[in-house]
Amino acid sequence: AQSVAQPEDQVNVAEGNPLTVKCTYSVSGNPYLFWYVQYPNRGLQFLLKYITGDNLVKGSYGFEAEFNKSQTSFHLKKPSALVSDSALYFCAVRDILFRNTPLVFGKGTRLSVIA
Amino acid sequence: SAVISQKPSRDICQRGTSLTIQCQVDSQVTMMFWYRQQPGQSLTLIATANQGSEATYESGFVIDKFPISRPNLTFSTLTVSNMSPEDSSIYLCSVPGGGGAGAYNEQFFGPGTRLTVL
């Protein structure tokens, strides 16, 4: 089975500070990992993905994520948070053993960046 | 990336009625997914719709309640039947990127349909 855990319902950070949104996963094979963002009253927007290679993946809007196989984690990071980053963030996984299946999503983490 | 539109963007419906949500994609895709997102919550997969075959429903979702049509490779509809207030949610359609659902492909999402049932 495939699953994703986002242990924090809410993350608060001051504008200009670094932010981290946590994600851990569980798969039987190899994981392909994704981050999405959802702004209020909008659909989900794809931020970045890890497939293979460099463990640090860079994506849209200055976000990056670090894949750690030993810790089965894929935390989302940004060096300097903006108020406009405030949104709902979802981590998702697909096990290579389950190609042609929909992504499995975590429950989401609400990020609030305070000016 | 695929561009996906949904109609209606929002609706307020009475208990016991039905609503059909349309999803249009700007490219041909074999697979489409329908999700439900209750306010502030995660996404729950309702069903996978492949063109030319019956939709595959997830546990807890049945065809009588959520009939799906997939008449061609760019279009699908989801009907929410005999609605109750518990059906109040955002309904999202989604397609795999890259022309398929290989393990490495992200999914793209429509803007969603916000349904309120009174």
# chains A, B, ... in the order shown; residues from 1 in each chain; ligands from 1
$ closest_atom_pairs --of "chain B" --to "chain A" --cutoff "10 Å" --atoms "only C-alpha atoms" --output "JSON lines"
{"residue": "B:Ser1", "atom": "CA", "partner": "A:Phe46", "partner_atom": "CA", "distance": 9.9}
{"residue": "B:Ser9", "atom": "CA", "partner": "A:Asn41", "partner_atom": "CA", "distance": 9.9}
{"residue": "B:Met31", "atom": "CA", "partner": "A:Asn100", "partner_atom": "CA", "distance": 8.4}
{"residue": "B:Met32", "atom": "CA", "partner": "A:Pro102", "partner_atom": "CA", "distance": 9.0}
{"residue": "B:Phe33", "atom": "CA", "partner": "A:Pro102", "partner_atom": "CA", "distance": 7.2}
{"residue": "B:Trp34", "atom": "CA", "partner": "A:Pro102", "partner_atom": "CA", "distance": 9.8}
{"residue": "B:Gly40", "atom": "CA", "partner": "A:Leu88", "partner_atom": "CA", "distance": 8.2}
{"residue": "B:Gln41", "atom": "CA", "partner": "A:Lys107", "partner_atom": "CA", "distance": 6.4}
{"residue": "B:Ser42", "atom": "CA", "partner": "A:Lys107", "partner_atom": "CA", "distance": 4.4}
{"residue": "B:Leu43", "atom": "CA", "partner": "A:Phe105", "partner_atom": "CA", "distance": 6.7}
{"residue": "B:Thr44", "atom": "CA", "partner": "A:Phe105", "partner_atom": "CA", "distance": 8.3}
{"residue": "B:Leu45", "atom": "CA", "partner": "A:Pro102", "partner_atom": "CA", "distance": 8.2}
{"residue": "B:Ala47", "atom": "CA", "partner": "A:Pro102", "partner_atom": "CA", "distance": 9.6}
{"residue": "B:Thr48", "atom": "CA", "partner": "A:Pro102", "partner_atom": "CA", "distance": 8.0}
{"residue": "B:Ile90", "atom": "CA", "partner": "A:Gly43", "partner_atom": "CA", "distance": 9.4}
{"residue": "B:Tyr91", "atom": "CA", "partner": "A:Gly43", "partner_atom": "CA", "distance": 9.8}
{"residue": "B:Leu92", "atom": "CA", "partner": "A:Gly43", "partner_atom": "CA", "distance": 7.6}
{"residue": "B:Cys93", "atom": "CA", "partner": "A:Gly43", "partner_atom": "CA", "distance": 9.5}
{"residue": "B:Ser94", "atom": "CA", "partner": "A:Pro102", "partner_atom": "CA", "distance": 9.1}
{"residue": "B:Val95", "atom": "CA", "partner": "A:Pro102", "partner_atom": "CA", "distance": 8.8}
{"residue": "B:Pro96", "atom": "CA", "partner": "A:Pro102", "partner_atom": "CA", "distance": 8.0}
{"residue": "B:Gly100", "atom": "CA", "partner": "A:Asn100", "partner_atom": "CA", "distance": 7.4}
{"residue": "B:Ala101", "atom": "CA", "partner": "A:Asn100", "partner_atom": "CA", "distance": 4.4}
{"residue": "B:Gly102", "atom": "CA", "partner": "A:Arg99", "partner_atom": "CA", "distance": 5.1}
{"residue": "B:Ala103", "atom": "CA", "partner": "A:Arg99", "partner_atom": "CA", "distance": 4.4}
{"residue": "B:Tyr104", "atom": "CA", "partner": "A:Tyr32", "partner_atom": "CA", "distance": 6.0}
{"residue": "B:Asn105", "atom": "CA", "partner": "A:Tyr32", "partner_atom": "CA", "distance": 8.6}
{"residue": "B:Glu106", "atom": "CA", "partner": "A:Phe34", "partner_atom": "CA", "distance": 7.2}
{"residue": "B:Gln107", "atom": "CA", "partner": "A:Leu103", "partner_atom": "CA", "distance": 7.6}
{"residue": "B:Phe108", "atom": "CA", "partner": "A:Phe46", "partner_atom": "CA", "distance": 7.1}
{"residue": "B:Phe109", "atom": "CA", "partner": "A:Leu44", "partner_atom": "CA", "distance": 5.9}
{"residue": "B:Gly110", "atom": "CA", "partner": "A:Gly43", "partner_atom": "CA", "distance": 5.9}
{"residue": "B:Pro111", "atom": "CA", "partner": "A:Gly43", "partner_atom": "CA", "distance": 4.1}
{"residue": "B:Gly112", "atom": "CA", "partner": "A:Gly43", "partner_atom": "CA", "distance": 5.8}
{"residue": "B:Thr113", "atom": "CA", "partner": "A:Gly43", "partner_atom": "CA", "distance": 9.3}
{"residue": "B:Arg114", "atom": "CA", "partner": "A:Asn41", "partner_atom": "CA", "distance": 8.6}
$ write_last_selection --atoms "C-alpha atoms" --output "compact mmCIF listing (two decimals), in the first residue's frame"
# COMPACT_ATOMS: atom_id res chain seq x y z
CA SER B 1 0.64 20.95 -18.87
CA SER B 9 -17.74 26.73 -10.76
CA MET B 31 -7.55 8.53 -17.78
CA MET B 32 -9.46 11.11 -15.77
CA PHE B 33 -9.91 11.17 -12.03
CA TRP B 34 -12.68 12.66 -9.93
CA GLY B 40 -10.22 22.49 4.47
CA GLN B 41 -9.66 18.78 4.06
CA SER B 42 -7.65 16.49 1.86
CA LEU B 43 -8.66 15.02 -1.45
CA THR B 44 -10.64 11.81 -1.57
CA LEU B 45 -10.66 9.89 -4.84
CA ALA B 47 -13.45 7.25 -9.24
CA THR B 48 -11.20 6.76 -12.23
CA ILE B 90 -15.51 20.82 -3.74
CA TYR B 91 -15.44 18.37 -6.64
CA LEU B 92 -12.26 18.28 -8.71
CA CYS B 93 -11.38 16.55 -11.92
CA SER B 94 -7.80 15.67 -12.66
CA VAL B 95 -5.73 14.20 -15.48
CA PRO B 96 -2.21 12.77 -15.62
CA GLY B 100 -0.20 9.12 -19.60
CA ALA B 101 -0.24 7.97 -16.01
CA GLY B 102 3.26 6.64 -15.79
CA ALA B 103 4.52 6.53 -12.26
CA TYR B 104 6.58 9.69 -12.67
CA ASN B 105 3.82 11.90 -14.04
CA GLU B 106 2.20 14.59 -12.00
CA GLN B 107 -1.52 15.24 -12.22
CA PHE B 108 -3.21 18.44 -13.25
CA PHE B 109 -6.39 19.66 -11.67
CA GLY B 110 -9.37 21.64 -12.72
CA PRO B 111 -10.41 24.69 -10.68
CA GLY B 112 -13.10 22.70 -8.91
CA THR B 113 -16.85 22.92 -8.46
CA ARG B 114 -17.97 24.18 -5.08
$ select_by_dssp --residues "range 15-115 of chain B" --states "strand (DSSP E)" --output "PyMOL selection string"
chain B and resi 19-25+31-37+43-50+56-57+68-72+75-80+89-96+107-109+113-115
$ residues_around --residues "Ser81 in chain B" --least-positions-apart "5" --cutoff "9 Å" --atoms "only C-alpha atoms" --output "MDAnalysis selection string"
chainID B and resid 16:20 64:67
$ write_last_selection --atoms "N, CA, C and O atoms" --output "mmCIF file, in the first residue's frame"
data_model
loop_
_atom_site.group_PDB
_atom_site.id
_atom_site.type_symbol
_atom_site.label_atom_id
_atom_site.label_comp_id
_atom_site.auth_asym_id
_atom_site.auth_seq_id
_atom_site.Cartn_x
_atom_site.Cartn_y
_atom_site.Cartn_z
ATOM 1 N N GLY B 16 -32.115 16.368 -2.258
ATOM 2 C CA GLY B 16 -32.886 15.458 -3.093
ATOM 3 C C GLY B 16 -32.731 15.676 -4.590
ATOM 4 O O GLY B 16 -33.169 14.844 -5.379
ATOM 5 N N THR B 17 -32.102 16.764 -4.973
ATOM 6 C CA THR B 17 -31.895 17.025 -6.400
ATOM 7 C C THR B 17 -30.559 16.466 -6.850
ATOM 8 O O THR B 17 -29.788 15.906 -6.059
ATOM 9 N N SER B 18 -30.268 16.610 -8.133
ATOM 10 C CA SER B 18 -29.014 16.120 -8.701
ATOM 11 C C SER B 18 -28.304 17.247 -9.429
ATOM 12 O O SER B 18 -28.941 18.168 -9.943
ATOM 13 N N LEU B 19 -27.004 17.160 -9.485
ATOM 14 C CA LEU B 19 -26.186 18.143 -10.193
ATOM 15 C C LEU B 19 -25.168 17.407 -11.050
ATOM 16 O O LEU B 19 -24.502 16.486 -10.568
ATOM 17 N N THR B 20 -25.031 17.830 -12.292
ATOM 18 C CA THR B 20 -24.014 17.264 -13.175
ATOM 19 C C THR B 20 -22.884 18.260 -13.368
ATOM 20 O O THR B 20 -23.123 19.417 -13.734
ATOM 21 N N ASP B 64 -24.577 4.502 -8.462
ATOM 22 C CA ASP B 64 -25.920 5.076 -8.384
ATOM 23 C C ASP B 64 -25.902 6.487 -7.807
ATOM 24 O O ASP B 64 -26.738 7.306 -8.151
ATOM 25 N N LYS B 65 -24.995 6.742 -6.923
ATOM 26 C CA LYS B 65 -24.881 8.042 -6.286
ATOM 27 C C LYS B 65 -24.034 9.007 -7.118
ATOM 28 O O LYS B 65 -24.328 10.194 -7.188
ATOM 29 N N PHE B 66 -22.992 8.494 -7.751
ATOM 30 C CA PHE B 66 -22.053 9.328 -8.501
ATOM 31 C C PHE B 66 -21.836 8.773 -9.913
ATOM 32 O O PHE B 66 -20.728 8.373 -10.275
ATOM 33 N N PRO B 67 -22.857 8.766 -10.746
ATOM 34 C CA PRO B 67 -22.649 8.267 -12.105
ATOM 35 C C PRO B 67 -21.694 9.155 -12.889
ATOM 36 O O PRO B 67 -21.741 10.386 -12.769
#
$ decode --residues "range 18-60 of chain A" --atoms "N, CA and C atoms" --output "PDB file, in the first residue's frame"
ATOM      1  N   PRO A  18      12.800  31.199   7.059  1.00  0.00           N
ATOM      2  CA  PRO A  18      12.680  29.960   6.279  1.00  0.00           C
ATOM      3  C   PRO A  18      11.471  29.151   6.728  1.00  0.00           C
ATOM      4  N   LEU A  19      10.914  28.412   5.791  1.00  0.00           N
ATOM      5  CA  LEU A  19       9.762  27.576   6.133  1.00  0.00           C
ATOM      6  C   LEU A  19      10.038  26.129   5.740  1.00  0.00           C
ATOM      7  N   THR A  20       9.445  25.232   6.512  1.00  0.00           N
ATOM      8  CA  THR A  20       9.489  23.801   6.212  1.00  0.00           C
ATOM      9  C   THR A  20       8.106  23.221   6.437  1.00  0.00           C
ATOM     10  N   VAL A  21       7.636  22.476   5.465  1.00  0.00           N
ATOM     11  CA  VAL A  21       6.382  21.728   5.595  1.00  0.00           C
ATOM     12  C   VAL A  21       6.744  20.255   5.453  1.00  0.00           C
ATOM     13  N   LYS A  22       6.387  19.463   6.455  1.00  0.00           N
ATOM     14  CA  LYS A  22       6.884  18.095   6.538  1.00  0.00           C
ATOM     15  C   LYS A  22       5.990  17.084   5.828  1.00  0.00           C
ATOM     16  N   CYS A  23       6.644  16.048   5.303  1.00  0.00           N
ATOM     17  CA  CYS A  23       5.934  14.967   4.618  1.00  0.00           C
ATOM     18  C   CYS A  23       6.745  13.687   4.770  1.00  0.00           C
ATOM     19  N   THR A  24       6.095  12.617   5.172  1.00  0.00           N
ATOM     20  CA  THR A  24       6.719  11.299   5.155  1.00  0.00           C
ATOM     21  C   THR A  24       5.829  10.364   4.346  1.00  0.00           C
ATOM     22  N   TYR A  25       6.434   9.314   3.823  1.00  0.00           N
ATOM     23  CA  TYR A  25       5.699   8.435   2.924  1.00  0.00           C
ATOM     24  C   TYR A  25       5.957   6.974   3.270  1.00  0.00           C
ATOM     25  N   SER A  26       5.104   6.131   2.726  1.00  0.00           N
ATOM     26  CA  SER A  26       5.272   4.690   2.856  1.00  0.00           C
ATOM     27  C   SER A  26       4.879   4.037   1.542  1.00  0.00           C
ATOM     28  N   VAL A  27       5.816   3.298   0.963  1.00  0.00           N
ATOM     29  CA  VAL A  27       5.565   2.565  -0.287  1.00  0.00           C
ATOM     30  C   VAL A  27       6.251   1.221  -0.232  1.00  0.00           C
ATOM     31  N   SER A  28       5.850   0.335  -1.134  1.00  0.00           N
ATOM     32  CA  SER A  28       6.492  -0.976  -1.200  1.00  0.00           C
ATOM     33  C   SER A  28       7.679  -0.966  -2.149  1.00  0.00           C
ATOM     34  N   GLY A  29       7.570  -0.196  -3.211  1.00  0.00           N
ATOM     35  CA  GLY A  29       8.645  -0.102  -4.196  1.00  0.00           C
ATOM     36  C   GLY A  29       9.403   1.194  -4.027  1.00  0.00           C
ATOM     37  N   ASN A  30       9.652   1.858  -5.132  1.00  0.00           N
ATOM     38  CA  ASN A  30      10.308   3.164  -5.104  1.00  0.00           C
ATOM     39  C   ASN A  30       9.267   4.273  -5.200  1.00  0.00           C
ATOM     40  N   PRO A  31       9.490   5.364  -4.462  1.00  0.00           N
ATOM     41  CA  PRO A  31       8.484   6.426  -4.470  1.00  0.00           C
ATOM     42  C   PRO A  31       8.761   7.487  -5.509  1.00  0.00           C
ATOM     43  N   TYR A  32       7.698   7.970  -6.106  1.00  0.00           N
ATOM     44  CA  TYR A  32       7.737   9.219  -6.838  1.00  0.00           C
ATOM     45  C   TYR A  32       6.887  10.197  -6.038  1.00  0.00           C
ATOM     46  N   LEU A  33       7.456  11.358  -5.718  1.00  0.00           N
ATOM     47  CA  LEU A  33       6.877  12.252  -4.733  1.00  0.00           C
ATOM     48  C   LEU A  33       6.578  13.615  -5.333  1.00  0.00           C
ATOM     49  N   PHE A  34       5.518  14.222  -4.857  1.00  0.00           N
ATOM     50  CA  PHE A  34       5.001  15.457  -5.450  1.00  0.00           C
ATOM     51  C   PHE A  34       4.536  16.403  -4.346  1.00  0.00           C
ATOM     52  N   TRP A  35       4.644  17.704  -4.628  1.00  0.00           N
ATOM     53  CA  TRP A  35       4.033  18.722  -3.788  1.00  0.00           C
ATOM     54  C   TRP A  35       3.097  19.586  -4.621  1.00  0.00           C
ATOM     55  N   TYR A  36       1.955  19.894  -4.008  1.00  0.00           N
ATOM     56  CA  TYR A  36       0.966  20.771  -4.626  1.00  0.00           C
ATOM     57  C   TYR A  36       0.605  21.877  -3.637  1.00  0.00           C
ATOM     58  N   VAL A  37       0.142  22.995  -4.191  1.00  0.00           N
ATOM     59  CA  VAL A  37      -0.351  24.091  -3.361  1.00  0.00           C
ATOM     60  C   VAL A  37      -1.768  24.440  -3.803  1.00  0.00           C
ATOM     61  N   GLN A  38      -2.580  24.793  -2.831  1.00  0.00           N
ATOM     62  CA  GLN A  38      -3.955  25.216  -3.128  1.00  0.00           C
ATOM     63  C   GLN A  38      -4.215  26.546  -2.451  1.00  0.00           C
ATOM     64  N   TYR A  39      -4.388  27.566  -3.272  1.00  0.00           N
ATOM     65  CA  TYR A  39      -4.766  28.874  -2.753  1.00  0.00           C
ATOM     66  C   TYR A  39      -6.276  28.916  -2.574  1.00  0.00           C
ATOM     67  N   PRO A  40      -6.769  29.811  -1.737  1.00  0.00           N
ATOM     68  CA  PRO A  40      -8.212  29.870  -1.465  1.00  0.00           C
ATOM     69  C   PRO A  40      -9.038  29.951  -2.733  1.00  0.00           C
ATOM     70  N   ASN A  41     -10.057  29.116  -2.801  1.00  0.00           N
ATOM     71  CA  ASN A  41     -10.995  29.096  -3.930  1.00  0.00           C
ATOM     72  C   ASN A  41     -10.317  28.788  -5.264  1.00  0.00           C
ATOM     73  N   ARG A  42      -9.228  28.052  -5.188  1.00  0.00           N
ATOM     74  CA  ARG A  42      -8.537  27.670  -6.425  1.00  0.00           C
ATOM     75  C   ARG A  42      -8.319  26.162  -6.435  1.00  0.00           C
ATOM     76  N   GLY A  43      -8.029  25.621  -7.623  1.00  0.00           N
ATOM     77  CA  GLY A  43      -7.666  24.216  -7.719  1.00  0.00           C
ATOM     78  C   GLY A  43      -6.240  23.993  -7.252  1.00  0.00           C
ATOM     79  N   LEU A  44      -5.798  22.756  -7.310  1.00  0.00           N
ATOM     80  CA  LEU A  44      -4.441  22.428  -6.900  1.00  0.00           C
ATOM     81  C   LEU A  44      -3.446  22.774  -8.006  1.00  0.00           C
ATOM     82  N   GLN A  45      -2.335  23.374  -7.580  1.00  0.00           N
ATOM     83  CA  GLN A  45      -1.274  23.693  -8.523  1.00  0.00           C
ATOM     84  C   GLN A  45      -0.049  22.855  -8.210  1.00  0.00           C
ATOM     85  N   PHE A  46       0.536  22.264  -9.220  1.00  0.00           N
ATOM     86  CA  PHE A  46       1.727  21.455  -9.076  1.00  0.00           C
ATOM     87  C   PHE A  46       2.926  22.345  -8.778  1.00  0.00           C
ATOM     88  N   LEU A  47       3.712  21.985  -7.739  1.00  0.00           N
ATOM     89  CA  LEU A  47       4.902  22.747  -7.361  1.00  0.00           C
ATOM     90  C   LEU A  47       6.187  22.080  -7.830  1.00  0.00           C
ATOM     91  N   LEU A  48       6.340  20.799  -7.518  1.00  0.00           N
ATOM     92  CA  LEU A  48       7.582  20.101  -7.850  1.00  0.00           C
ATOM     93  C   LEU A  48       7.397  18.612  -7.643  1.00  0.00           C
ATOM     94  N   LYS A  49       8.375  17.866  -8.162  1.00  0.00           N
ATOM     95  CA  LYS A  49       8.333  16.413  -7.990  1.00  0.00           C
ATOM     96  C   LYS A  49       9.743  15.852  -7.899  1.00  0.00           C
ATOM     97  N   TYR A  50       9.850  14.720  -7.214  1.00  0.00           N
ATOM     98  CA  TYR A  50      11.076  13.955  -7.157  1.00  0.00           C
ATOM     99  C   TYR A  50      10.850  12.646  -7.904  1.00  0.00           C
ATOM    100  N   ILE A  51      11.734  12.405  -8.861  1.00  0.00           N
ATOM    101  CA  ILE A  51      11.656  11.148  -9.607  1.00  0.00           C
ATOM    102  C   ILE A  51      12.887  10.300  -9.307  1.00  0.00           C
ATOM    103  N   THR A  52      14.047  10.872  -9.567  1.00  0.00           N
ATOM    104  CA  THR A  52      15.303  10.186  -9.317  1.00  0.00           C
ATOM    105  C   THR A  52      16.407  11.218  -9.379  1.00  0.00           C
ATOM    106  N   GLY A  53      17.625  10.836  -8.982  1.00  0.00           N
ATOM    107  CA  GLY A  53      18.742  11.752  -9.104  1.00  0.00           C
ATOM    108  C   GLY A  53      18.948  12.590  -7.865  1.00  0.00           C
ATOM    109  N   ASP A  54      19.259  13.845  -8.052  1.00  0.00           N
ATOM    110  CA  ASP A  54      19.572  14.760  -6.960  1.00  0.00           C
ATOM    111  C   ASP A  54      18.445  14.782  -5.932  1.00  0.00           C
ATOM    112  N   ASN A  55      18.826  14.634  -4.678  1.00  0.00           N
ATOM    113  CA  ASN A  55      17.810  14.577  -3.621  1.00  0.00           C
ATOM    114  C   ASN A  55      17.150  15.923  -3.377  1.00  0.00           C
ATOM    115  N   LEU A  56      17.769  17.001  -3.800  1.00  0.00           N
ATOM    116  CA  LEU A  56      17.179  18.332  -3.637  1.00  0.00           C
ATOM    117  C   LEU A  56      16.535  18.741  -4.953  1.00  0.00           C
ATOM    118  N   VAL A  57      15.248  18.951  -4.895  1.00  0.00           N
ATOM    119  CA  VAL A  57      14.473  19.272  -6.092  1.00  0.00           C
ATOM    120  C   VAL A  57      13.984  20.708  -5.986  1.00  0.00           C
ATOM    121  N   LYS A  58      14.156  21.452  -7.055  1.00  0.00           N
ATOM    122  CA  LYS A  58      13.680  22.846  -7.073  1.00  0.00           C
ATOM    123  C   LYS A  58      12.405  22.932  -7.904  1.00  0.00           C
ATOM    124  N   GLY A  59      11.502  23.799  -7.440  1.00  0.00           N
ATOM    125  CA  GLY A  59      10.232  23.920  -8.125  1.00  0.00           C
ATOM    126  C   GLY A  59       9.817  25.363  -8.312  1.00  0.00           C
ATOM    127  N   SER A  60       8.508  25.535  -8.432  1.00  0.00           N
ATOM    128  CA  SER A  60       7.946  26.851  -8.709  1.00  0.00           C
ATOM    129  C   SER A  60       7.980  27.739  -7.471  1.00  0.00           C
TER     130      SER A  60
END
